[in-house]
Each structure stands twice: as C-alpha cells, then as structure tokens.
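Structure file query-v3.cif (mmCIF, C-alpha atoms) follows.
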data_model
#
loop_
_atom_site.label_atom_id
_atom_site.label_comp_id
_atom_site.auth_asym_id
_atom_site.auth_seq_id
_atom_site.Cartn_x
_atom_site.Cartn_y
_atom_site.Cartn_z
CA MET A 975 139.07 93.68 -198.52
CA LYS A 976 142.01 91.97 -196.92
CA ASP A 977 142.77 94.97 -194.68
CA LEU A 978 139.09 95.21 -193.68
CA SER A 979 139.07 91.49 -192.87
CA VAL A 980 142.07 91.89 -190.58
CA ARG A 981 140.45 94.84 -188.81
CA ILE A 982 137.21 92.90 -188.35
CA ASN A 983 139.12 89.91 -186.92
CA TRP A 984 140.93 92.11 -184.43
CA LYS A 985 137.64 93.63 -183.32
CA TYR A 986 136.16 90.18 -182.95
CA LEU A 987 139.21 89.02 -180.98
CA LEU A 988 138.96 92.04 -178.70
CA PHE A 989 135.24 91.44 -178.17
CA LEU A 990 135.85 87.75 -177.45
CA SER A 991 138.64 88.53 -174.99
CA VAL A 992 136.51 91.03 -173.08
CA PHE A 993 133.58 88.60 -173.10
CA ILE A 994 135.76 85.77 -171.69
CA ILE A 995 137.19 88.05 -169.00
CA ILE A 996 133.69 89.14 -167.95
CA CYS A 997 132.51 85.52 -167.87
CA LEU A 998 135.51 84.44 -165.80
CA GLU A 999 134.94 87.32 -163.39
CA ILE A 1000 131.26 86.44 -162.98
CA PHE A 1001 132.13 82.77 -162.52
CA GLY A 1002 134.84 83.62 -159.97
CA ARG A 1003 132.59 85.85 -157.91
CA VAL A 1004 129.67 83.39 -158.03
CA TYR A 1005 131.90 80.43 -157.13
CA LEU A 1006 133.50 82.30 -154.22
CA SER A 1007 130.33 83.87 -152.86
CA VAL A 1008 127.73 81.17 -153.60
CA VAL A 1009 129.61 77.85 -153.60
CA LEU A 1010 132.43 78.55 -151.11
CA GLU A 1011 130.72 81.55 -149.46
CA LYS A 1012 134.05 83.37 -149.34
CA SER A 1013 134.77 87.05 -149.77
CA PRO A 1014 136.08 88.04 -153.23
CA ARG A 1015 138.66 90.16 -151.40
CA PRO A 1016 141.84 88.65 -149.91
CA LYS A 1017 141.96 88.09 -146.15
CA PHE A 1018 145.76 87.90 -145.90
CA GLN A 1019 148.70 90.06 -146.88
CA PHE A 1020 152.44 89.44 -146.86
CA ASP A 1021 154.16 90.37 -143.63
CA SER A 1022 157.85 91.20 -143.26
CA TYR A 1023 158.12 89.36 -139.93
CA ARG A 1024 155.29 86.81 -139.76
CA ILE A 1025 155.21 85.68 -143.43
CA TYR A 1026 151.56 86.77 -143.70
CA SER A 1027 149.02 88.65 -141.60
CA HIS A 1028 145.40 89.80 -141.73
CA VAL A 1029 144.27 92.56 -144.05
CA PRO A 1030 142.90 95.30 -141.75
CA TYR A 1031 139.14 95.91 -141.96
CA PHE A 1032 138.49 92.63 -143.79
CA HIS A 1033 134.85 91.51 -143.63
CA GLU A 1034 133.23 88.27 -144.78
CA GLY A 1035 129.51 87.58 -144.68
CA ASP A 1036 126.35 87.16 -146.71
CA GLY A 1037 125.40 90.83 -146.90
CA LYS A 1038 123.07 90.50 -143.94
CA LYS A 1039 125.52 89.50 -141.23
CA ASP A 1040 129.30 89.13 -141.14
CA TRP A 1041 130.79 85.94 -139.79
CA ILE A 1042 134.34 87.29 -139.90
CA VAL A 1043 135.36 90.83 -139.02
CA ILE A 1044 139.02 91.90 -138.85
CA ASN A 1045 139.46 95.26 -137.13
CA GLY A 1046 141.97 97.97 -138.04
CA GLN A 1047 144.67 96.37 -135.89
CA GLY A 1048 144.37 92.98 -137.63
CA PHE A 1049 142.54 91.21 -134.78
CA ARG A 1050 139.37 89.18 -135.20
CA ARG A 1051 137.27 91.67 -133.27
CA SER A 1052 134.39 93.98 -134.12
CA THR A 1053 135.79 96.93 -132.16
CA SER A 1054 139.15 98.71 -132.25
CA VAL A 1055 141.79 98.08 -129.61
CA SER A 1056 143.77 101.04 -128.32
CA LYS A 1057 147.43 100.52 -127.54
CA ILE A 1058 146.87 102.65 -124.46
CA LYS A 1059 145.13 100.35 -121.99
CA ALA A 1060 142.42 102.11 -120.03
CA LYS A 1061 142.37 102.08 -116.24
CA ASP A 1062 140.77 98.98 -114.65
CA THR A 1063 141.10 97.10 -117.94
CA VAL A 1064 142.33 93.53 -117.98
CA ARG A 1065 143.69 92.70 -121.43
CA ILE A 1066 144.02 89.10 -122.58
CA PHE A 1067 145.16 87.90 -126.00
CA LEU A 1068 144.22 84.54 -127.50
CA MET A 1069 146.87 83.29 -129.93
CA GLY A 1070 146.99 80.22 -132.13
CA GLY A 1071 145.98 79.02 -135.57
CA SER A 1072 142.66 78.46 -137.27
CA ALA A 1073 141.01 76.61 -134.35
CA ALA A 1074 141.62 79.56 -132.03
CA HIS A 1075 140.70 82.01 -134.77
CA GLY A 1076 137.42 80.23 -135.46
CA ILE A 1077 137.25 79.61 -139.19
CA SER A 1078 134.40 78.32 -141.32
CA THR A 1079 134.68 74.90 -142.89
CA ALA A 1080 135.16 74.38 -146.61
CA PRO A 1081 134.57 71.47 -149.01
CA PRO A 1082 134.87 68.50 -148.70
CA TYR A 1083 133.45 69.18 -145.22
CA PRO A 1084 129.88 70.45 -144.81
CA LEU A 1085 129.89 74.25 -144.96
CA VAL A 1086 129.55 75.79 -141.49
CA HIS A 1087 130.22 79.43 -140.60
CA ILE A 1088 131.53 80.54 -137.22
CA TYR A 1089 130.19 83.98 -136.38
CA MET A 1090 131.76 86.66 -134.22
CA ASP A 1091 129.65 85.66 -131.22
CA GLN A 1092 130.58 81.95 -131.55
CA THR A 1093 134.33 82.08 -130.88
CA ILE A 1094 136.39 81.15 -127.83
CA ASP A 1095 137.36 84.75 -127.12
CA PHE A 1096 133.73 85.94 -127.24
CA TYR A 1097 132.50 83.30 -124.76
CA LEU A 1098 135.53 83.71 -122.49
CA GLU A 1099 135.19 87.50 -122.39
CA GLN A 1100 131.53 87.20 -121.40
CA LYS A 1101 132.28 84.74 -118.61
CA LEU A 1102 135.20 86.75 -117.23
CA GLN A 1103 133.25 90.00 -117.37
CA ALA A 1104 130.59 88.36 -115.19
CA THR A 1105 133.33 87.22 -112.79
CA TYR A 1106 134.92 90.69 -112.62
CA PRO A 1107 131.99 93.12 -112.93
CA GLY A 1108 134.05 96.07 -111.69
CA ARG A 1109 136.63 95.77 -114.46
CA ASN A 1110 136.69 96.03 -118.22
CA ILE A 1111 137.73 92.60 -119.49
CA GLU A 1112 139.13 92.34 -123.03
CA VAL A 1113 139.78 88.94 -124.60
CA ILE A 1114 141.25 89.77 -128.00
CA ASN A 1115 141.46 87.17 -130.75
CA ALA A 1116 144.96 87.51 -132.24
CA ALA A 1117 144.97 84.00 -133.73
CA VAL A 1118 145.73 83.66 -137.45
CA THR A 1119 144.83 80.68 -139.63
CA GLY A 1120 147.81 78.43 -140.32
CA TYR A 1121 150.15 80.01 -137.76
CA GLN A 1122 152.87 77.94 -136.16
CA VAL A 1123 154.40 78.72 -132.78
CA PHE A 1124 157.46 80.50 -134.18
CA GLN A 1125 155.18 83.03 -135.90
CA HIS A 1126 153.72 83.95 -132.51
CA THR A 1127 157.21 85.07 -131.47
CA ALA A 1128 157.46 87.66 -134.23
CA TYR A 1129 153.88 88.77 -133.59
CA ILE A 1130 154.58 89.30 -129.90
CA LEU A 1131 157.80 91.22 -130.45
CA THR A 1132 156.66 93.42 -133.32
CA GLU A 1133 153.13 94.26 -132.18
CA LEU A 1134 151.46 92.65 -129.18
CA LEU A 1135 153.84 93.90 -126.48
CA ASP A 1136 152.83 97.44 -127.42
CA TYR A 1137 149.26 96.67 -126.30
CA ASP A 1138 150.37 96.01 -122.70
CA PRO A 1139 148.66 92.61 -122.26
CA ASP A 1140 148.15 91.07 -118.82
CA LEU A 1141 147.83 87.50 -120.09
CA ILE A 1142 148.37 85.60 -123.33
CA ILE A 1143 146.67 82.26 -123.93
CA PHE A 1144 148.21 79.99 -126.57
CA LEU A 1145 146.00 77.39 -128.26
CA ASP A 1146 148.08 75.30 -130.66
CA GLY A 1147 148.62 71.73 -131.77
CA ALA A 1148 147.52 70.74 -135.26
CA ASN A 1149 149.93 73.00 -137.17
CA ASP A 1150 153.23 71.88 -135.69
CA HIS A 1151 153.03 69.82 -132.48
CA TYR A 1152 152.90 66.46 -134.29
CA PHE A 1153 155.89 66.89 -136.62
CA ASN A 1154 158.12 63.81 -136.70
CA ASN A 1155 160.81 64.63 -139.27
CA PRO A 1156 163.94 65.77 -137.38
CA ASP A 1157 165.45 67.15 -140.61
CA PHE A 1158 162.53 69.45 -141.42
CA ASP A 1159 163.42 73.15 -141.72
CA TYR A 1160 160.91 74.53 -139.21
CA PHE A 1161 161.44 78.19 -140.06
CA GLY A 1162 162.42 78.28 -143.73
CA GLY A 1163 160.26 75.27 -144.60
CA ASN A 1164 156.95 76.81 -143.65
CA LYS A 1165 154.57 75.74 -146.41
CA TYR A 1166 153.12 79.23 -146.84
CA GLN A 1167 156.50 80.53 -147.98
CA PHE A 1168 155.72 79.13 -151.43
CA TRP A 1169 155.84 82.68 -152.80
CA LYS A 1170 159.44 83.30 -151.75
CA PRO A 1171 161.26 81.81 -154.79
CA ARG A 1172 158.86 83.66 -157.09
CA LEU A 1173 159.89 86.96 -155.58
CA GLN A 1174 163.59 86.12 -155.47
CA ASN A 1175 164.00 84.42 -158.84
CA ALA A 1176 162.77 86.34 -161.86
CA SER A 1177 160.60 84.20 -164.15
CA LEU A 1178 157.60 84.43 -166.43
CA GLY A 1179 155.64 82.26 -164.00
CA GLY A 1180 156.52 84.63 -161.19
CA LEU A 1181 155.28 87.57 -163.26
CA VAL A 1182 151.98 85.77 -163.84
CA ASP A 1183 151.62 84.95 -160.14
CA TYR A 1184 152.42 88.47 -159.07
CA SER A 1185 149.93 89.84 -161.59
CA PHE A 1186 147.21 87.59 -160.19
CA LEU A 1187 148.18 88.61 -156.66
CA TRP A 1188 147.76 92.28 -157.59
CA MET A 1189 144.48 91.61 -159.41
CA SER A 1190 143.12 89.60 -156.46
CA HIS A 1191 142.53 92.89 -154.67
CA PHE A 1192 140.03 93.88 -157.36
CA SER A 1193 138.90 90.71 -159.14
CA GLY A 1194 136.84 87.81 -157.81
CA PHE A 1195 138.28 85.47 -160.46
CA ALA A 1196 141.85 86.45 -159.60
CA ARG A 1197 141.03 86.01 -155.90
CA GLY A 1198 139.66 82.53 -156.59
CA TYR A 1199 142.67 81.57 -158.69
CA TYR A 1200 145.09 82.82 -156.08
CA TYR A 1201 143.20 81.06 -153.27
CA TRP A 1202 143.36 77.82 -155.29
CA ARG A 1203 147.04 78.31 -156.14
CA LEU A 1204 148.00 79.01 -152.54
CA ASN A 1205 146.27 75.86 -151.30
CA ARG A 1206 147.61 73.74 -154.15
CA ASP A 1207 151.18 74.88 -153.59
CA ALA A 1208 150.89 74.52 -149.82
CA SER A 1209 149.63 70.94 -150.26
CA SER A 1210 152.35 70.05 -152.77
CA TYR A 1211 154.96 71.59 -150.47
CA ASP A 1212 154.14 68.92 -147.91
CA GLU A 1213 155.04 66.28 -150.48
CA LEU A 1214 158.65 67.40 -150.86
CA ALA A 1215 161.48 65.37 -149.38
CA ASN A 1216 161.95 67.93 -146.62
CA ARG A 1217 158.39 67.66 -145.31
CA SER A 1218 157.26 68.01 -141.71
CA THR A 1219 155.97 64.46 -141.25
CA ILE A 1220 157.28 61.22 -142.71
CA LYS A 1221 156.11 57.62 -142.49
CA TYR A 1222 157.80 55.26 -140.08
CA THR A 1223 157.47 51.49 -140.03
CA ASP A 1224 158.70 51.32 -136.44
CA ALA A 1225 156.70 52.96 -133.63
CA ASN A 1226 159.81 53.67 -131.55
CA ALA A 1227 161.48 55.38 -134.51
CA LEU A 1228 158.37 57.53 -134.95
CA VAL A 1229 158.49 58.70 -131.33
CA GLU A 1230 162.23 59.32 -131.40
CA GLY A 1231 161.97 61.25 -134.67
CA HIS A 1232 159.24 63.40 -133.14
CA LYS A 1233 161.21 64.06 -129.95
CA VAL A 1234 164.19 65.36 -131.91
CA ALA A 1235 161.92 67.50 -134.10
CA ALA A 1236 159.92 68.82 -131.14
CA ALA A 1237 163.00 69.80 -129.13
CA ARG A 1238 164.44 71.97 -131.90
CA MET A 1239 161.14 73.24 -133.25
CA PHE A 1240 157.91 73.97 -131.42
CA LEU A 1241 159.09 73.26 -127.86
CA ARG A 1242 162.01 75.65 -128.28
CA SER A 1243 159.66 78.27 -129.73
CA ILE A 1244 157.12 77.88 -126.91
CA ALA A 1245 159.85 78.23 -124.29
CA THR A 1246 161.13 81.35 -126.07
CA ASN A 1247 157.66 82.90 -126.09
CA ILE A 1248 157.21 82.20 -122.39
CA LEU A 1249 160.56 83.77 -121.52
CA ILE A 1250 159.83 86.88 -123.57
CA LEU A 1251 156.43 87.37 -121.95
CA GLN A 1252 157.63 86.68 -118.41
CA ALA A 1253 160.45 89.19 -118.92
CA HIS A 1254 157.74 91.78 -119.58
CA GLY A 1255 155.58 90.75 -116.64
CA ILE A 1256 152.93 89.04 -118.76
CA ASP A 1257 151.25 85.82 -117.62
CA VAL A 1258 150.98 82.79 -119.91
CA ILE A 1259 148.66 79.81 -120.33
CA ILE A 1260 149.53 76.99 -122.73
CA CYS A 1261 146.72 74.89 -124.25
CA LEU A 1262 146.76 71.82 -126.50
CA GLN A 1263 143.92 72.10 -129.00
CA PRO A 1264 141.33 69.33 -129.40
CA MET A 1265 141.28 67.20 -132.55
CA LEU A 1266 138.55 64.97 -133.89
CA VAL A 1267 140.75 61.89 -134.20
CA LEU A 1268 141.41 62.07 -130.44
CA ARG A 1269 137.73 62.08 -129.46
CA LYS A 1270 136.27 58.78 -128.31
CA THR A 1271 134.35 57.28 -131.21
CA ASP A 1272 131.30 56.43 -129.09
CA LEU A 1273 130.91 60.13 -128.21
CA LEU A 1274 130.90 61.45 -131.76
CA SER A 1275 127.86 63.14 -133.24
CA LYS A 1276 126.40 61.83 -136.49
CA ALA A 1277 128.08 64.63 -138.47
CA GLU A 1278 131.47 63.98 -136.84
CA LYS A 1279 131.26 60.27 -137.65
CA GLU A 1280 130.66 61.07 -141.31
CA PHE A 1281 133.88 63.03 -141.76
CA MET A 1282 136.03 61.19 -139.20
CA LYS A 1283 139.38 60.08 -140.66
CA SER A 1284 142.15 58.20 -138.92
CA ASP A 1285 145.54 59.82 -138.33
CA ASP A 1286 148.00 57.30 -136.96
CA ASN A 1287 150.70 59.94 -136.51
CA VAL A 1288 148.56 62.14 -134.23
CA THR A 1289 147.13 59.16 -132.34
CA ALA A 1290 150.59 57.72 -131.65
CA LEU A 1291 152.19 61.04 -130.67
CA TYR A 1292 149.40 62.54 -128.55
CA PRO A 1293 150.66 61.04 -125.23
CA VAL A 1294 154.20 62.19 -126.07
CA VAL A 1295 153.08 65.73 -126.93
CA THR A 1296 151.06 66.11 -123.72
CA SER A 1297 154.03 64.90 -121.68
CA GLU A 1298 156.38 67.33 -123.45
CA LEU A 1299 154.07 70.29 -122.93
CA SER A 1300 153.35 69.39 -119.33
CA GLU A 1301 157.06 69.20 -118.49
CA LEU A 1302 157.83 72.45 -120.33
CA ALA A 1303 155.01 74.28 -118.55
CA ALA A 1304 156.11 72.97 -115.16
CA ARG A 1305 159.72 74.08 -115.75
CA ASN A 1306 158.53 77.58 -116.60
CA ASN A 1307 155.86 77.72 -113.89
CA VAL A 1308 152.93 78.32 -116.26
CA PRO A 1309 149.59 76.47 -116.45
CA PHE A 1310 149.12 73.82 -119.13
CA ILE A 1311 145.65 72.72 -120.24
CA ASP A 1312 145.11 69.62 -122.36
CA LEU A 1313 141.68 70.16 -123.90
CA ILE A 1314 141.29 66.61 -125.25
CA PRO A 1315 139.89 65.16 -121.96
CA GLU A 1316 137.31 67.94 -121.89
CA PHE A 1317 136.07 66.87 -125.33
CA ASN A 1318 135.86 63.26 -124.15
CA LYS A 1319 133.47 63.88 -121.30
CA ASP A 1320 130.31 61.81 -121.41
CA GLU A 1321 128.13 64.93 -121.07
CA TYR A 1322 128.98 65.79 -124.69
CA ARG A 1323 127.93 62.40 -126.06
CA GLN A 1324 126.62 62.70 -129.64
CA GLN A 1325 127.02 66.49 -129.56
CA GLN A 1326 129.00 68.10 -132.35
CA LEU A 1327 132.06 69.81 -130.91
CA LEU A 1328 134.07 70.00 -134.15
CA ILE A 1329 133.01 70.99 -137.66
CA ASP A 1330 135.88 69.13 -139.35
CA TYR A 1331 139.12 67.46 -138.24
CA CYS A 1332 140.17 70.18 -135.75
CA HIS A 1333 137.97 73.29 -136.00
CA LEU A 1334 135.45 74.05 -133.30
CA SER A 1335 131.70 74.26 -133.53
CA PRO A 1336 130.02 77.01 -131.47
CA LEU A 1337 129.46 74.44 -128.72
CA GLY A 1338 133.09 73.34 -128.97
CA ALA A 1339 134.21 76.95 -128.50
CA GLN A 1340 131.99 77.21 -125.42
CA VAL A 1341 133.49 74.02 -124.01
CA VAL A 1342 137.00 75.47 -124.42
CA ALA A 1343 135.95 78.78 -122.84
CA ASN A 1344 134.31 76.97 -119.92
CA ARG A 1345 137.49 74.99 -119.30
CA LEU A 1346 139.64 78.12 -119.48
CA VAL A 1347 137.64 80.22 -117.02
CA ALA A 1348 138.88 78.65 -113.79
CA THR A 1349 142.56 78.75 -114.84
CA VAL A 1350 142.33 82.31 -116.13
CA ASP A 1351 140.54 83.36 -112.95
CA ALA A 1352 143.32 81.83 -110.82
CA VAL A 1353 146.01 83.64 -112.85
CA LEU A 1354 144.19 86.97 -112.71
CA ALA A 1355 143.42 86.65 -109.01
CA LYS A 1356 147.15 86.49 -108.26
CA ARG A 1357 147.92 89.27 -110.70
CA LEU A 1358 145.31 91.70 -109.47
CA LYS A 1359 146.50 91.33 -105.89
CA LYS A 1360 149.96 92.59 -106.83
#
Take the structure from the file and write it as structure tokens.
Amino acid sequence: MKDLSVRINWKYLLFLSVFIIICLEIFGRVYLSVVLEKSPRPKFQFDSYRIYSHVPYFHEGDGKKDWIVINGQGFRRSTSVSKIKAKDTVRIFLMGGSAAHGISTAPPYPLVHIYMDQTIDFYLEQKLQATYPGRNIEVINAAVTGYQVFQHTAYILTELLDYDPDLIIFLDGANDHYFNNPDFDYFGGNKYQFWKPRLQNASLGGLVDYSFLWMSHFSGFARGYYYWRLNRDASSYDELANRSTIKYTDANALVEGHKVAAARMFLRSIATNILILQAHGIDVIICLQPMLVLRKTDLLSKAEKEFMKSDDNVTALYPVVTSELSELAARNNVPFIDLIPEFNKDEYRQQQLLIDYCHLSPLGAQVVANRLVATVDAVLAKRLKK
C-alpha cells in the first residue's frame, strides 16, 4: 500500500504541475493579448553591436489589423527594403527611439495603438512623394524603442550604410539629452545591459533567466515574465549610484553637471554620427523630440492634462539642450529642428499631440512630418542638383 500511495502522489504531483503550467500559460497569453494588447512573441533580440535589435518579421495586432510590422531587415515597414537602391529612388532613414518608432502606450497611461499609417515616416513619405512625383521616395523607419545616440553609431556602421541612404533624420531627446550626472557611464551603463552580468557570471539566477528568455519565444507566460523582468531591472538600474540623472539643490550645479555629461556623451556621439555620414556623402538633419512637460499647459487636451507630470530636470535643461544642439549643428553645417515650438502653436490648442509623456499621437506624428517637409525638401533640392 505504501508503494502504491507514493506512486499515486507522484501522479497527482505531475498532474498538478501540468495543470499549473497550463493555467500560467493561459493567464500569460490573456494578460498580454487582452490587458496589455501585446504580442506573446518577443519584439527584441540581443545584438552584438547595438545591445538589442528588432526580431525580423515581428507582427503585433488584434488579428484583424497589425499596428506594428517589422520587416525582414528589422525596420518598422510593411515592405522589404533592398540594399541595392533602384534608379530614381531617394532613400531617407528616420532614426531615434520610441517616439520616432511610434509605439503604443501602456498602463498607467490610457492604451492607444499607433498603426503603420500613423507614424512620422508614413506621413513624411506621402508628402515627399507628392513633392517629387517623378521619383520613388522611401522614408524608412529605422528607429528602435529605447535607443540612445551611441547605438545609432553602431547601427549606421554595421547596417545602414549598406543601404546607400541619401539622408538620415535623427529624432532624439528623451533617452539621453537630459542627463546631468557627469560620472555616468554612457556606454557601459545603458540600462538595457541588465542581462550582461547574467551571461558573464554563472549563477542559478542566470540559469533561470536564460531559461525564461529561451521559453519566451514559445510561451506567452514566459514572454510576460521576461517583459516584466526587463522593465523592472531597467527601472531599478536607474536607482543605482551611477545613474544618468541625479538631484541637485543648486540650479547652476544642475546645468554645469549636464554640460559636462552632454559634452562627453550624447553631443560627442551626435558629432561622430554626422562625421561618419558626411564622409559617405549622406545628408543629415538633427531634431529634438517634443515632450509633454514642455507643452504650454493652456494648450493641452483633456487627456494630456490627466497624465501630465512635472519634470524639473527636463524643464530646467531644455534651453541648454537646444543651445547645445543648435551650436553643434551650425559647426557641422547641418539643419537642426527644435520640434517643441511646433507643438506650442495655438492652432493645436486642446488637441492631443502626445499619448503619454513623450510619444506621439497620430496628429502629433503629422505635425512632425509637416514641420520636416520644408527642411527635407531644401536638403534634397541641393542634393538632386549635384
């Protein structure tokens, strides 16, 4: 009887384990697809040069229509892009982080999806195609959520130069332009390198994390866990002593700390990117992305007012950042566009231009595209006369 009891207990334990796994998988898939409206498949993969990159052929949607499509080359684009540029084709890349990419919001913000025909690149391509009807205009979205300027450098060198671009537009700001800690490790301290010690230092925790990473390609629960873990670790990384922003009690100290950080971090990286592209005969436009905290409060829509939060660091450093970028652009003879004034025009009073603290609504993307058209046209007019 004792042996039979043991066998029965093991069967029960096996049944219970399988039952729990099935329940967790159902919960994970329902939570991702219904609550967060995210794909159960991972969107990102580790990259030897850029830390992480898009998974080719990733799709996210509701089964009826996709709001995110990543093509085989890793771009947010519905069609493939050949490395061999066809005759009479003008090829433009848009680079940046999540605002340029056009991501959906997530809790605690109201859930809003940005579809493929609601992004900056889509609107800009349409407008430029109308301006140059005799040419094939390509505006390719090569922006990746969370990217900092130094990651653009690796992207350009390892991949984008092979596509023979005519122009690259950079839209950055929120991810690194407002750093104020001069001691921050800009390259090694990137918060999405949380996985590095797990791969380098053998541990039981690392084995668990790697197992969940592998399972995330097949399991909705594992995907949800890994998504949560990545965000939790990235958030906690910002709380370490060597974080990108620190609190200052003195306004002058804040500005001086930022200037030191900017000179050795994002400004140096922007200048490097410009030099690389100019050496290959590629034109450049630098843009400072809009942010909700920098919109005039009397212009905000009802939705924007509800999730508006103050950010004293950004507010204090905005004039400094625009001055730094303007001077850098002038030294390198490239156009600089500050998009904040465009978002503070009275014609957009009580219209929602942002869906959270920095990500664009469809109208916001149109506003950016409208502002870009004239500058892009001026750059291309000179180029096409060569």
Within-7 Å shell of (134.1, 93.9, -140.2) in input frame, all atoms listed in the file, as a list in words: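 Counting all atoms listed in the file, I find these residues within 7 Å of (134.1, 93.9, -140.2): Tyr1031, Phe1032, His1033, Asp1040, Ile1042, Val1043, Ile1044, Asn1045 and Ser1052 of chain A.
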Spatial neighbours of A:Cys1332, 6 Å, all atoms listed in the file, chain gap at least 2 places, as a PyMOL selection string: chain A and resi 1265-1266+1330
Given the PyMOL selection byres ((chain A and resi 1093-1096) around 10), the residues it picks as an NGL selection string: :A and (1050-1051 or 1066-1068 or 1073-1077 or 1088-1092 or 1097-1101 or 1112-1116 or 1334-1344 or 1346)
Counting only C-alpha atoms, the option among A:Leu1358, A:Ile1314, A:Val1258, A:Val1008 closest to A:Gly1037: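 Smallest separation from A:Gly1037 among the options: A:Val1008.
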Padding 5 Å on each side, edges along x, y and z: where is the centre of the box around the listed atoms of stretch 1295-1304 of chain A, and how long are its edges in Å to one decimal? Output it as AutoDock Vina command-line options.
--center_x 154.4 --center_y 69.6 --center_z -121.0 --size_x 16.8 --size_y 19.4 --size_z 21.8
Spatial neighbours of stretch 1232-1235 of chain A, max dist 12 Å, all atoms listed in the file, sep filter under 4 positions, as a PyMOL selection string: chain A and resi 1150-1160+1217-1222+1225-1228+1239-1243+1287-1288+1290-1295+1297-1299
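All protein, DNA and RNA residues at most 8 Å from (149.0, 87.3, -135.9) are Arg1024, Ser1027, His1028, Gly1048, Phe1049, Met1069, Ala1116, Ala1117, Val1118, Tyr1121, Gln1125, His1126 and Tyr1129 of chain A, using only C-alpha atoms.
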Those same residues - C-alpha atoms - I'd like them written as a PDB file, in the coordinates of the input.
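And here's result_30.pdb as it stands now:
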ATOM      1  CA  ARG A1024     155.290  86.810-139.760  1.00  0.00           C
ATOM      2  CA  SER A1027     149.020  88.650-141.600  1.00  0.00           C
ATOM      3  CA  HIS A1028     145.400  89.800-141.730  1.00  0.00           C
ATOM      4  CA  GLY A1048     144.370  92.980-137.630  1.00  0.00           C
ATOM      5  CA  PHE A1049     142.540  91.210-134.780  1.00  0.00           C
ATOM      6  CA  MET A1069     146.870  83.290-129.930  1.00  0.00           C
ATOM      7  CA  ALA A1116     144.960  87.510-132.240  1.00  0.00           C
ATOM      8  CA  ALA A1117     144.970  84.000-133.730  1.00  0.00           C
ATOM      9  CA  VAL A1118     145.730  83.660-137.450  1.00  0.00           C
ATOM     10  CA  TYR A1121     150.150  80.010-137.760  1.00  0.00           C
ATOM     11  CA  GLN A1125     155.180  83.030-135.900  1.00  0.00           C
ATOM     12  CA  HIS A1126     153.720  83.950-132.510  1.00  0.00           C
ATOM     13  CA  TYR A1129     153.880  88.770-133.590  1.00  0.00           C
TER      14      TYR A1129
END
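Atom CA of A:Val1308 lies 11.8 Å from atom CA of A:Asn1247.
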From A:Phe1018, A:Phe1144, A:Trp1202, A:Phe1195, residue lying nearest A:Cys1261 [all atoms listed in the file]: A:Phe1144
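The space separating atom CA of A:Leu1145 from atom CA of A:Val1064 comes to 19.5 Å.
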Between atom CA of A:Phe1020 and atom CA of A:Arg1203, distance in Å (one decimal):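 It comes out at 15.5 Å.
Each of A:Met1282, A:Val1055, A:Leu1141, A:Val1004 was checked against A:Arg1197 using only C-alpha atoms; the smallest atom-to-atom distance is that of A:Val1004.
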From A:Val1350, A:Ala1104, A:Ile1025, A:Leu1085, residue lying nearest A:Lys1165 [only C-alpha atoms]: A:Ile1025
Expansion of the PyMOL selection byres ((chain A and resi 1331) around 12) into residues, as JSON, numbers by chain: {"A": [1072, 1073, 1079, 1080, 1082, 1083, 1084, 1148, 1263, 1264, 1265, 1266, 1267, 1268, 1269, 1277, 1278, 1279, 1280, 1281, 1282, 1283, 1284, 1285, 1288, 1326, 1327, 1328, 1329, 1330, 1332, 1333, 1334, 1335]}
Contacts of A:Ile1250 within 12 Å, all atoms listed in the file, excl. fewer than 2 positions in-chain, as a ChimeraX atom specification: /A:1126-1131,1134-1135,1142,1243-1248,1252-1258,1306
Would you save the residues of that selection, restricted to C-alpha atoms, as a short mmCIF file (atom, residue, chain, number, x, y, z; two decimals), in the coordinates of the input?
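Output contents, as saved in part.cif:
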data_model
loop_
_atom_site.label_atom_id
_atom_site.label_comp_id
_atom_site.auth_asym_id
_atom_site.auth_seq_id
_atom_site.Cartn_x
_atom_site.Cartn_y
_atom_site.Cartn_z
CA HIS A 1126 153.72 83.95 -132.51
CA THR A 1127 157.21 85.07 -131.47
CA ALA A 1128 157.46 87.66 -134.23
CA TYR A 1129 153.88 88.77 -133.59
CA ILE A 1130 154.58 89.30 -129.90
CA LEU A 1131 157.80 91.22 -130.45
CA LEU A 1134 151.46 92.65 -129.18
CA LEU A 1135 153.84 93.90 -126.48
CA ILE A 1142 148.37 85.60 -123.33
CA SER A 1243 159.66 78.27 -129.73
CA ILE A 1244 157.12 77.88 -126.91
CA ALA A 1245 159.85 78.23 -124.29
CA THR A 1246 161.13 81.35 -126.07
CA ASN A 1247 157.66 82.90 -126.09
CA ILE A 1248 157.21 82.20 -122.39
CA GLN A 1252 157.63 86.68 -118.41
CA ALA A 1253 160.45 89.19 -118.92
CA HIS A 1254 157.74 91.78 -119.58
CA GLY A 1255 155.58 90.75 -116.64
CA ILE A 1256 152.93 89.04 -118.76
CA ASP A 1257 151.25 85.82 -117.62
CA VAL A 1258 150.98 82.79 -119.91
CA ASN A 1306 158.53 77.58 -116.60
#
Output of the PyMOL selection byres ((chain A and resi 1056) around 12), listed as an MDAnalysis selection string: chainID A and resid 1045:1047 1049 1053:1055 1057:1060 1063 1065 1112 1114 1134 1136:1139
Pick from A:Thr1132, A:Asp1140, A:Lys985, A:Lys1017 nearest to A:Leu1251, counting all atoms listed in the file: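 Closest to A:Leu1251 of all the choices is A:Asp1140.
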Counting only C-alpha atoms, the option among A:Asp1021, A:Asp1146, A:Asp1320, A:Glu1230 closest to A:Gly1070: A:Asp1146
